[in-house]
$ cat work-v7.csv   # CSV, C-alpha atoms
chain,number,residue,atom,x,y,z
W,1,PHE,CA,0.0,0.0,0.0
W,2,TYR,CA,3.0,2.2,-0.4
W,3,PRO,CA,1.5,4.5,-3.1
W,4,TYR,CA,-1.6,5.1,-1.1
W,5,VAL,CA,0.2,5.9,2.2
W,6,ASP,CA,2.5,8.2,0.2
W,7,ASN,CA,-0.6,10.0,-1.1
W,8,TRP,CA,-2.3,10.1,2.4
W,9,THR,CA,0.8,11.6,4.0
W,10,GLY,CA,0.9,14.4,1.4
W,11,ASN,CA,4.2,13.0,-0.1
W,12,ARG,CA,6.1,14.1,3.1
W,13,PHE,CA,8.3,11.1,3.0
W,14,SER,CA,8.8,10.9,-0.8
W,15,HIS,CA,12.5,11.9,-0.6
W,16,ASP,CA,15.3,9.3,-0.5
W,17,THR,CA,17.7,8.6,2.4
W,18,ASP,CA,21.2,7.5,1.7
W,19,VAL,CA,21.9,4.1,3.3
W,20,PRO,CA,25.4,2.7,3.5
W,21,LEU,CA,26.0,-0.1,1.0
W,22,LEU,CA,22.5,0.2,-0.4
W,23,GLY,CA,22.5,3.8,-1.7
W,24,PRO,CA,19.4,6.0,-1.9
W,25,PHE,CA,16.4,4.4,-0.2
W,26,PRO,CA,12.8,5.7,0.1
W,27,THR,CA,12.3,7.3,3.5
W,28,LEU,CA,8.7,6.1,3.6
W,29,ALA,CA,10.0,2.5,3.5
W,30,PHE,CA,11.7,3.1,6.8
W,31,VAL,CA,8.4,4.4,8.3
W,32,LEU,CA,6.3,1.5,7.0
W,33,ALA,CA,8.9,-1.3,7.6
W,34,PRO,CA,8.0,-1.9,11.4
W,35,PHE,CA,4.3,-2.2,10.6
W,36,CYS,CA,5.0,-4.5,7.7
W,37,LEU,CA,7.3,-6.7,9.8
W,38,LEU,CA,4.8,-6.8,12.6
W,39,THR,CA,2.1,-7.9,10.3
W,40,VAL,CA,4.2,-10.8,8.9
W,41,VAL,CA,5.3,-11.9,12.4
W,42,LEU,CA,1.8,-11.9,13.7
W,43,TRP,CA,0.6,-13.9,10.7
W,44,LEU,CA,3.3,-16.5,11.2
W,45,TRP,CA,2.4,-16.7,14.9
W,46,THR,CA,-1.4,-16.8,14.6
W,47,LYS,CA,-2.1,-17.8,11.0
W,48,SER,CA,-5.1,-15.4,11.2
W,49,TRP,CA,-7.2,-15.4,8.0
W,50,ILE,CA,-7.5,-11.6,8.4
W,51,LEU,CA,-3.7,-11.1,8.4
W,52,ASN,CA,-3.5,-13.6,5.5
W,53,ASN,CA,-5.9,-11.4,3.5
W,54,ILE,CA,-4.0,-8.2,4.4
W,55,LEU,CA,-0.7,-9.8,3.1
W,56,ALA,CA,-2.4,-11.2,0.0
W,57,MET,CA,-4.0,-7.9,-0.8
W,58,SER,CA,-0.7,-6.1,-0.4
W,59,LEU,CA,0.8,-8.4,-2.9
W,60,ILE,CA,-2.1,-7.7,-5.3
W,61,VAL,CA,-1.8,-4.0,-4.9
W,62,PHE,CA,2.0,-4.1,-5.3
W,63,PHE,CA,1.8,-6.2,-8.5
W,64,LEU,CA,-1.0,-4.1,-10.1
W,65,THR,CA,0.8,-0.8,-9.3
W,66,THR,CA,4.1,-2.1,-10.6
W,67,ILE,CA,3.2,-3.9,-13.8
W,68,ARG,CA,1.1,-2.3,-16.6
W,69,ILE,CA,0.1,-4.1,-19.8
W,70,SER,CA,-0.6,-1.5,-22.4
W,71,SER,CA,-2.3,-3.4,-25.2
W,72,LEU,CA,-5.3,-5.7,-25.6
W,73,MET,CA,-3.1,-8.1,-27.6
W,74,VAL,CA,-0.8,-8.9,-24.7
W,75,ASN,CA,-3.7,-9.0,-22.3
W,76,THR,CA,-5.6,-11.5,-24.5
W,77,CYS,CA,-2.5,-13.8,-24.9
W,78,LEU,CA,-1.9,-13.8,-21.2
W,79,LEU,CA,-5.6,-14.5,-20.2
W,80,VAL,CA,-6.0,-17.2,-22.9
W,81,LEU,CA,-2.9,-19.0,-21.7
W,82,ALA,CA,-4.2,-18.7,-18.1
W,83,PHE,CA,-7.5,-20.1,-19.2
W,84,PHE,CA,-6.0,-23.3,-20.5
W,85,TYR,CA,-3.5,-23.4,-17.7
W,86,ASP,CA,-6.2,-23.4,-15.1
W,87,ILE,CA,-8.2,-26.0,-16.9
W,88,PHE,CA,-5.3,-28.4,-17.0
W,89,TRP,CA,-4.3,-28.1,-13.4
W,90,VAL,CA,-7.8,-28.5,-12.1
W,91,PHE,CA,-9.3,-31.1,-14.4
W,92,CYS,CA,-6.3,-32.9,-15.9
W,93,SER,CA,-3.6,-32.9,-13.3
W,94,SER,CA,-5.2,-35.9,-11.4
W,95,ALA,CA,-4.7,-38.1,-14.4
W,96,VAL,CA,-1.0,-37.1,-14.8
W,97,PHE,CA,0.1,-36.7,-11.1
W,98,GLY,CA,-2.4,-38.9,-9.3
W,99,SER,CA,-4.0,-36.0,-7.4
W,100,ASN,CA,-5.6,-32.6,-8.1
W,101,VAL,CA,-2.5,-30.4,-7.9
W,102,MET,CA,-4.4,-27.1,-8.0
W,103,VAL,CA,-6.8,-28.1,-5.2
W,104,THR,CA,-3.9,-29.5,-3.1
W,105,VAL,CA,-1.9,-26.3,-3.4
W,106,ALA,CA,-4.9,-24.0,-2.7
W,107,THR,CA,-6.1,-25.9,0.4
W,108,LYS,CA,-2.9,-27.4,1.9
W,109,LEU,CA,-0.3,-24.7,1.2
W,110,ASP,CA,-0.7,-22.3,4.1
W,111,VAL,CA,0.8,-19.1,2.6
W,112,PRO,CA,-0.9,-15.8,1.7
W,113,ILE,CA,-1.4,-16.6,-2.0
W,114,LYS,CA,-5.2,-16.6,-1.7
W,115,ILE,CA,-8.0,-14.5,-0.3
W,116,LEU,CA,-10.0,-16.3,2.4
W,117,VAL,CA,-13.7,-15.5,2.7
W,118,PRO,CA,-15.5,-17.0,5.8
W,119,LEU,CA,-18.7,-18.8,5.2
W,120,ILE,CA,-21.0,-17.1,7.7
W,121,LEU,CA,-23.8,-19.6,7.4
W,122,SER,CA,-21.7,-22.7,7.6
W,123,GLN,CA,-22.8,-25.1,10.4
W,124,GLU,CA,-19.9,-27.5,10.2
W,125,GLY,CA,-18.5,-27.5,13.7
W,126,ALA,CA,-17.2,-24.5,15.7
W,127,ASP,CA,-14.4,-23.6,13.3
W,128,LEU,CA,-14.9,-21.2,10.5
W,129,GLN,CA,-15.3,-22.6,7.0
W,130,PHE,CA,-13.8,-20.7,4.1
W,131,THR,CA,-14.1,-20.3,0.4
W,132,LEU,CA,-11.1,-18.9,-1.4
W,133,ILE,CA,-9.9,-17.1,-4.5
W,134,GLY,CA,-6.3,-17.4,-5.7
W,135,LEU,CA,-4.3,-14.2,-6.3
W,136,GLY,CA,-3.9,-15.1,-9.9
W,137,ASP,CA,-7.6,-15.0,-10.4
W,138,ILE,CA,-7.5,-11.4,-9.2
W,139,VAL,CA,-4.2,-10.1,-10.6
W,140,LEU,CA,-4.4,-11.4,-14.2
W,141,PRO,CA,-7.9,-10.0,-14.9
W,142,GLY,CA,-6.8,-7.0,-12.9
W,143,LEU,CA,-4.2,-6.3,-15.5
W,144,LEU,CA,-6.9,-6.1,-18.1
W,145,LEU,CA,-9.0,-3.9,-15.9
W,146,SER,CA,-6.1,-1.6,-15.3
W,147,PHE,CA,-5.6,-1.4,-19.1
W,148,ALA,CA,-9.3,-0.7,-19.6
W,149,MET,CA,-9.1,2.2,-17.1
W,150,ARG,CA,-6.1,3.7,-18.9
W,151,PHE,CA,-7.8,3.2,-22.3
W,152,ASP,CA,-10.9,5.0,-21.1
W,153,ASP,CA,-8.7,7.9,-20.1
W,154,HIS,CA,-6.8,7.8,-23.4
W,155,LYS,CA,-10.1,7.9,-25.3
W,156,LYS,CA,-11.7,10.5,-22.9
W,157,ILE,CA,-14.5,8.1,-22.0
W,158,ASP,CA,-16.5,8.3,-18.8
W,159,LEU,CA,-15.1,5.7,-16.4
W,160,HIS,CA,-18.6,4.6,-15.4
W,161,ALA,CA,-19.8,4.0,-19.0
W,162,GLY,CA,-16.7,2.8,-20.8
W,163,TYR,CA,-14.4,-0.2,-21.0
W,164,PHE,CA,-13.6,-0.3,-17.3
W,165,ALA,CA,-17.3,-0.4,-16.4
W,166,VAL,CA,-18.2,-3.3,-18.7
W,167,THR,CA,-15.0,-5.3,-17.9
W,168,MET,CA,-15.6,-4.9,-14.2
W,169,ALA,CA,-19.2,-6.0,-14.6
W,170,GLY,CA,-18.1,-9.0,-16.5
W,171,TYR,CA,-15.5,-9.9,-13.8
W,172,ILE,CA,-18.2,-9.6,-11.1
W,173,LEU,CA,-20.6,-11.8,-13.1
W,174,GLY,CA,-18.0,-14.4,-13.9
W,175,LEU,CA,-16.9,-14.6,-10.2
W,176,LEU,CA,-20.5,-14.8,-9.1
W,177,ILE,CA,-21.2,-17.7,-11.5
W,178,CYS,CA,-18.1,-19.5,-10.3
W,179,GLU,CA,-19.0,-19.2,-6.7
W,180,ILE,CA,-22.6,-20.4,-7.4
W,181,VAL,CA,-21.3,-23.5,-9.2
W,182,VAL,CA,-18.8,-24.3,-6.5
W,183,GLY,CA,-21.4,-23.8,-3.7
W,184,SER,CA,-24.1,-25.8,-5.5
W,185,PHE,CA,-22.1,-28.8,-6.7
W,186,HIS,CA,-19.1,-28.7,-4.2
W,187,LEU,CA,-16.7,-29.2,-7.1
W,188,ALA,CA,-13.4,-27.5,-7.6
W,189,GLN,CA,-13.7,-25.0,-10.5
W,190,PRO,CA,-10.9,-23.2,-12.4
W,191,ALA,CA,-12.1,-19.6,-11.9
W,192,MET,CA,-10.4,-18.5,-15.2
W,193,ILE,CA,-13.0,-20.4,-17.3
W,194,TYR,CA,-15.5,-17.9,-16.0
W,195,LEU,CA,-13.3,-14.8,-15.5
W,196,VAL,CA,-11.5,-14.9,-18.9
W,197,PRO,CA,-14.6,-14.7,-21.1
W,198,GLY,CA,-16.3,-12.6,-18.5
W,199,THR,CA,-13.7,-9.9,-18.9
W,200,LEU,CA,-12.4,-10.3,-22.4
W,201,LEU,CA,-15.7,-10.6,-24.2
W,202,PRO,CA,-17.3,-7.4,-22.9
W,203,PHE,CA,-14.1,-5.4,-23.6
W,204,ILE,CA,-13.9,-6.8,-27.2
W,205,CYS,CA,-17.6,-6.4,-27.9
W,206,LEU,CA,-17.5,-2.7,-26.8
W,207,ALA,CA,-14.3,-2.1,-28.8
W,208,LEU,CA,-15.9,-3.5,-31.9
W,209,PHE,CA,-19.2,-1.6,-31.3
W,210,ARG,CA,-17.2,1.7,-30.9
W,211,GLY,CA,-14.9,0.9,-33.8
W,212,GLU,CA,-11.8,1.1,-31.5
W,213,PHE,CA,-10.8,-2.6,-31.6
W,214,SER,CA,-7.6,-1.9,-33.7
W,215,ASP,CA,-6.5,0.9,-31.3
W,216,ALA,CA,-7.1,-1.3,-28.3
W,217,TRP,CA,-5.3,-4.3,-29.8
W,218,LYS,CA,-2.2,-2.3,-30.8
W,219,GLY,CA,-2.1,-0.5,-27.5
W,220,ILE,CA,-1.8,3.0,-26.2
W,221,LYS,CA,0.7,4.9,-28.3
W,222,GLY,CA,3.8,5.9,-26.4
W,223,SER,CA,3.6,2.9,-24.0
W,224,ASN,CA,5.6,-0.3,-24.1
W,225,TYR,CA,3.5,-3.5,-24.3
W,226,ILE,CA,4.5,-4.3,-20.7
W,227,ASP,CA,5.7,-1.4,-18.5
W,228,ILE,CA,7.5,-1.9,-15.2
W,229,VAL,CA,6.7,1.2,-13.2
W,230,GLU,CA,9.7,2.4,-11.4
W,231,GLU,CA,8.8,6.0,-10.4
W,232,ARG,CA,6.6,6.6,-7.3
W,233,PRO,CA,3.6,8.9,-7.7
$ encode --input "work-v7.csv" --output "structure tokens"
Amino acid sequence: FYPYVDNWTGNRFSHDTDVPLLGPFPTLAFVLAPFCLLTVVLWLWTKSWILNNILAMSLIVFFLTTIRISSLMVNTCLLVLAFFYDIFWVFCSSAVFGSNVMVTVATKLDVPIKILVPLILSQEGADLQFTLIGLGDIVLPGLLLSFAMRFDDHKKIDLHAGYFAVTMAGYILGLLICEIVVGSFHLAQPAMIYLVPGTLLPFICLALFRGEFSDAWKGIKGSNYIDIVEERP
């Protein structure tokens, strides 16, 4: 949450401090480091699902504020590959490896690579039951959503009626359908089979309708296909 804290503090700590052997280092990093370290230590000690989600969301924000994909072409390639990747590891990995690798990693690996959502109405014992969504199911569609927001700005389109709005609506619908299927049939589902068409199709349909598909496919002029953002706002 570095960019947000930097903004909330009025950029008071935006300057760098010279650190021996390391060189210039953001001053705000020294301010936030104790809180970040305390969060990690508490999570390691308690394994709290709330702290797990804080760490997971921090990774999501870091990734989406660091990496920017500036063309529909690259976004499409990435999401289509993720679509088939998810299908293989959920539906086909049992035949190859003897067990469902994706389900095993998601449920047995106790690290903050997923968002845990407690099932409030669950009656199975005293312990909370959780549904989860992997970070990849947020970050990869999030890259397209970030591009949609920047493309709206590039084309001077209202954020609430443009590419970001329809892509976000498709993401919410795809995630909702996935959760309904999982909750109804109690079967592991690769979220990408719902999220990829749910985000790509609305974007592509709107681009075709507005006659802007070629512009979106080629990307925003003046940007690399994939930008690694180094400067701080």
$ atom_distance --input "work-v7.csv" --atom1 "atom CA of Gly134 of chain W" --atom2 "atom CA of Leu200 of chain W"
19.1 Å
$ residues_near_point --input "work-v7.csv" --point "(12.3, 6.0, 1.6)" --cutoff "10 Å" --atoms "all atoms listed in the file" --output "list in words"
Phe13, Ser14, His15, Asp16, Thr17, Asp18, Val19, Pro24, Phe25, Pro26, Thr27, Leu28, Ala29, Phe30, Val31 and Leu32 of chain W
$ closest_residue --input "work-v7.csv" --among "W:Leu144, W:Met73, W:Leu64, W:Val117" --to "Phe130 of chain W" --atoms "only C-alpha atoms"
W:Val117
$ closest_residue --input "work-v7.csv" --among "W:Ala188, W:Ser214, W:Ala161, W:Leu78" --to "Leu143 of chain W" --atoms "all atoms listed in the file"
W:Leu78
$ residues_near_point --input "work-v7.csv" --point "(-11.7, -3.3, -12.2)" --cutoff "12 Å" --atoms "only C-alpha atoms" --output "compact mmCIF listing (two decimals) with C-alpha atoms, keeping the file's coordinate frame"
# COMPACT_ATOMS: atom_id res chain seq x y z
CA LEU W 64 -1.00 -4.10 -10.10
CA ILE W 138 -7.50 -11.40 -9.20
CA VAL W 139 -4.20 -10.10 -10.60
CA LEU W 140 -4.40 -11.40 -14.20
CA PRO W 141 -7.90 -10.00 -14.90
CA GLY W 142 -6.80 -7.00 -12.90
CA LEU W 143 -4.20 -6.30 -15.50
CA LEU W 144 -6.90 -6.10 -18.10
CA LEU W 145 -9.00 -3.90 -15.90
CA SER W 146 -6.10 -1.60 -15.30
CA PHE W 147 -5.60 -1.40 -19.10
CA ALA W 148 -9.30 -0.70 -19.60
CA MET W 149 -9.10 2.20 -17.10
CA ARG W 150 -6.10 3.70 -18.90
CA LEU W 159 -15.10 5.70 -16.40
CA HIS W 160 -18.60 4.60 -15.40
CA GLY W 162 -16.70 2.80 -20.80
CA TYR W 163 -14.40 -0.20 -21.00
CA PHE W 164 -13.60 -0.30 -17.30
CA ALA W 165 -17.30 -0.40 -16.40
CA VAL W 166 -18.20 -3.30 -18.70
CA THR W 167 -15.00 -5.30 -17.90
CA MET W 168 -15.60 -4.90 -14.20
CA ALA W 169 -19.20 -6.00 -14.60
CA GLY W 170 -18.10 -9.00 -16.50
CA TYR W 171 -15.50 -9.90 -13.80
CA ILE W 172 -18.20 -9.60 -11.10
CA THR W 199 -13.70 -9.90 -18.90
CA PHE W 203 -14.10 -5.40 -23.60
$ residues_around --input "work-v7.csv" --residues "segment 33-39 of chain W" --least-positions-apart "6" --cutoff "12 Å" --atoms "only C-alpha atoms" --output "ChimeraX atom specification"
/W:1-2,26-27,45-48,50-56,58
$ write_last_selection --input "work-v7.csv" --atoms "C-alpha atoms" --output "JSON list (two decimals), in the coordinates of the input"
[["chain", "number", "residue", "atom", "x", "y", "z"],
["W", 1, "PHE", "CA", 0.00, 0.00, 0.00],
["W", 2, "TYR", "CA", 3.00, 2.20, -0.40],
["W", 26, "PRO", "CA", 12.80, 5.70, 0.10],
["W", 27, "THR", "CA", 12.30, 7.30, 3.50],
["W", 45, "TRP", "CA", 2.40, -16.70, 14.90],
["W", 46, "THR", "CA", -1.40, -16.80, 14.60],
["W", 47, "LYS", "CA", -2.10, -17.80, 11.00],
["W", 48, "SER", "CA", -5.10, -15.40, 11.20],
["W", 50, "ILE", "CA", -7.50, -11.60, 8.40],
["W", 51, "LEU", "CA", -3.70, -11.10, 8.40],
["W", 52, "ASN", "CA", -3.50, -13.60, 5.50],
["W", 53, "ASN", "CA", -5.90, -11.40, 3.50],
["W", 54, "ILE", "CA", -4.00, -8.20, 4.40],
["W", 55, "LEU", "CA", -0.70, -9.80, 3.10],
["W", 56, "ALA", "CA", -2.40, -11.20, 0.00],
["W", 58, "SER", "CA", -0.70, -6.10, -0.40]]
$ closest_residue --input "work-v7.csv" --among "W:Asp158, W:Glu179, W:Glu212, W:Asp86" --to "Leu132 of chain W" --atoms "all atoms listed in the file"
W:Glu179
$ atom_distance --input "work-v7.csv" --atom1 "atom CA of Ile177 of chain W" --atom2 "atom CA of Thr76 of chain W"
21.2 Å
$ closest_residue --input "work-v7.csv" --among "W:Cys77, W:Ile220, W:Ile115, W:Leu173" --to "Trp49 of chain W" --atoms "only C-alpha atoms"
W:Ile115
$ closest_residue --input "work-v7.csv" --among "W:Thr65, W:Ser70, W:Gln189, W:Gln129" --to "Asp215 of chain W" --atoms "only C-alpha atoms"
W:Ser70
$ atom_distance --input "work-v7.csv" --atom1 "atom CA of Val111 of chain W" --atom2 "atom CA of Leu128 of chain W"
17.7 Å
$ residues_around --input "work-v7.csv" --residues "segment 89-98 of chain W" --least-positions-apart "6" --cutoff "12 Å" --atoms "all atoms listed in the file" --output "list in words"
Ala82, Phe83, Thr104, Val105, Ala106, Leu187, Ala188, Gln189, Pro190, Ala191, Met192 and Ile193 of chain W
$ closest_residue --input "work-v7.csv" --among "W:Gly23, W:Trp8, W:Phe213, W:Met102" --to "Tyr85 of chain W" --atoms "all atoms listed in the file"
W:Met102
$ decode --input "work-v7.csv" --residues "segment 131-142 of chain W" --atoms "all heavy atoms" --output "tab-separated table (two decimals), in the first residue's frame"
chain	number	residue	atom	x	y	z
W	131	THR	N	-14.32	-20.13	1.82
W	131	THR	CA	-14.14	-20.27	0.39
W	131	THR	C	-12.95	-19.38	0.04
W	131	THR	O	-12.58	-18.50	0.83
W	131	THR	CB	-15.39	-19.83	-0.39
W	131	THR	OG1	-15.17	-20.07	-1.79
W	131	THR	CG2	-15.70	-18.35	-0.19
W	132	LEU	N	-12.33	-19.63	-1.08
W	132	LEU	CA	-11.11	-18.88	-1.38
W	132	LEU	C	-11.03	-18.53	-2.86
W	132	LEU	O	-11.68	-19.14	-3.71
W	132	LEU	CB	-9.87	-19.67	-0.95
W	132	LEU	CG	-9.66	-21.07	-1.57
W	132	LEU	CD1	-8.88	-20.98	-2.88
W	132	LEU	CD2	-8.91	-21.97	-0.59
W	133	ILE	N	-10.24	-17.51	-3.14
W	133	ILE	CA	-9.92	-17.14	-4.51
W	133	ILE	C	-8.42	-16.87	-4.59
W	133	ILE	O	-7.86	-16.16	-3.75
W	133	ILE	CB	-10.74	-15.92	-4.98
W	133	ILE	CG1	-10.34	-15.54	-6.41
W	133	ILE	CG2	-10.56	-14.73	-4.04
W	133	ILE	CD1	-11.24	-14.50	-7.04
W	134	GLY	N	-7.77	-17.50	-5.56
W	134	GLY	CA	-6.32	-17.36	-5.70
W	134	GLY	C	-5.93	-15.97	-6.19
W	134	GLY	O	-6.72	-15.29	-6.85
W	135	LEU	N	-4.72	-15.57	-5.87
W	135	LEU	CA	-4.26	-14.24	-6.27
W	135	LEU	C	-4.22	-14.10	-7.79
W	135	LEU	O	-4.47	-13.02	-8.33
W	135	LEU	CB	-2.88	-13.95	-5.68
W	135	LEU	CG	-2.75	-13.88	-4.16
W	135	LEU	CD1	-1.47	-13.17	-3.78
W	135	LEU	CD2	-3.94	-13.18	-3.53
W	136	GLY	N	-3.90	-15.19	-8.48
W	136	GLY	CA	-3.87	-15.13	-9.94
W	136	GLY	C	-5.22	-14.80	-10.55
W	136	GLY	O	-5.30	-14.16	-11.61
W	137	ASP	N	-6.28	-15.24	-9.88
W	137	ASP	CA	-7.64	-14.96	-10.37
W	137	ASP	C	-8.03	-13.51	-10.16
W	137	ASP	O	-9.07	-13.06	-10.67
W	137	ASP	CB	-8.65	-15.88	-9.66
W	137	ASP	CG	-8.36	-17.35	-9.90
W	137	ASP	OD1	-7.85	-17.67	-10.98
W	137	ASP	OD2	-8.63	-18.17	-9.01
W	138	ILE	N	-7.24	-12.79	-9.40
W	138	ILE	CA	-7.47	-11.35	-9.20
W	138	ILE	C	-6.48	-10.54	-10.03
W	138	ILE	O	-6.86	-9.59	-10.72
W	138	ILE	CB	-7.35	-10.97	-7.71
W	138	ILE	CG1	-8.38	-11.75	-6.88
W	138	ILE	CG2	-7.53	-9.47	-7.51
W	138	ILE	CD1	-8.23	-11.55	-5.38
W	139	VAL	N	-5.21	-10.93	-9.98
W	139	VAL	CA	-4.16	-10.14	-10.62
W	139	VAL	C	-4.27	-10.17	-12.14
W	139	VAL	O	-4.19	-9.12	-12.80
W	139	VAL	CB	-2.77	-10.64	-10.18
W	139	VAL	CG1	-1.67	-10.04	-11.04
W	139	VAL	CG2	-2.53	-10.29	-8.71
W	140	LEU	N	-4.45	-11.35	-12.73
W	140	LEU	CA	-4.44	-11.44	-14.20
W	140	LEU	C	-5.62	-10.69	-14.83
W	140	LEU	O	-5.41	-9.89	-15.75
W	140	LEU	CB	-4.40	-12.90	-14.63
W	140	LEU	CG	-3.14	-13.67	-14.20
W	140	LEU	CD1	-3.18	-15.10	-14.71
W	140	LEU	CD2	-1.89	-12.96	-14.70
W	141	PRO	N	-6.88	-10.89	-14.36
W	141	PRO	CA	-7.94	-10.03	-14.88
W	141	PRO	C	-7.74	-8.57	-14.48
W	141	PRO	O	-8.15	-7.66	-15.19
W	141	PRO	CB	-9.21	-10.60	-14.23
W	141	PRO	CG	-8.86	-12.00	-13.86
W	141	PRO	CD	-7.41	-11.94	-13.49
W	142	GLY	N	-7.09	-8.35	-13.32
W	142	GLY	CA	-6.82	-6.99	-12.87
W	142	GLY	C	-5.93	-6.23	-13.83
W	142	GLY	O	-6.06	-5.00	-13.98
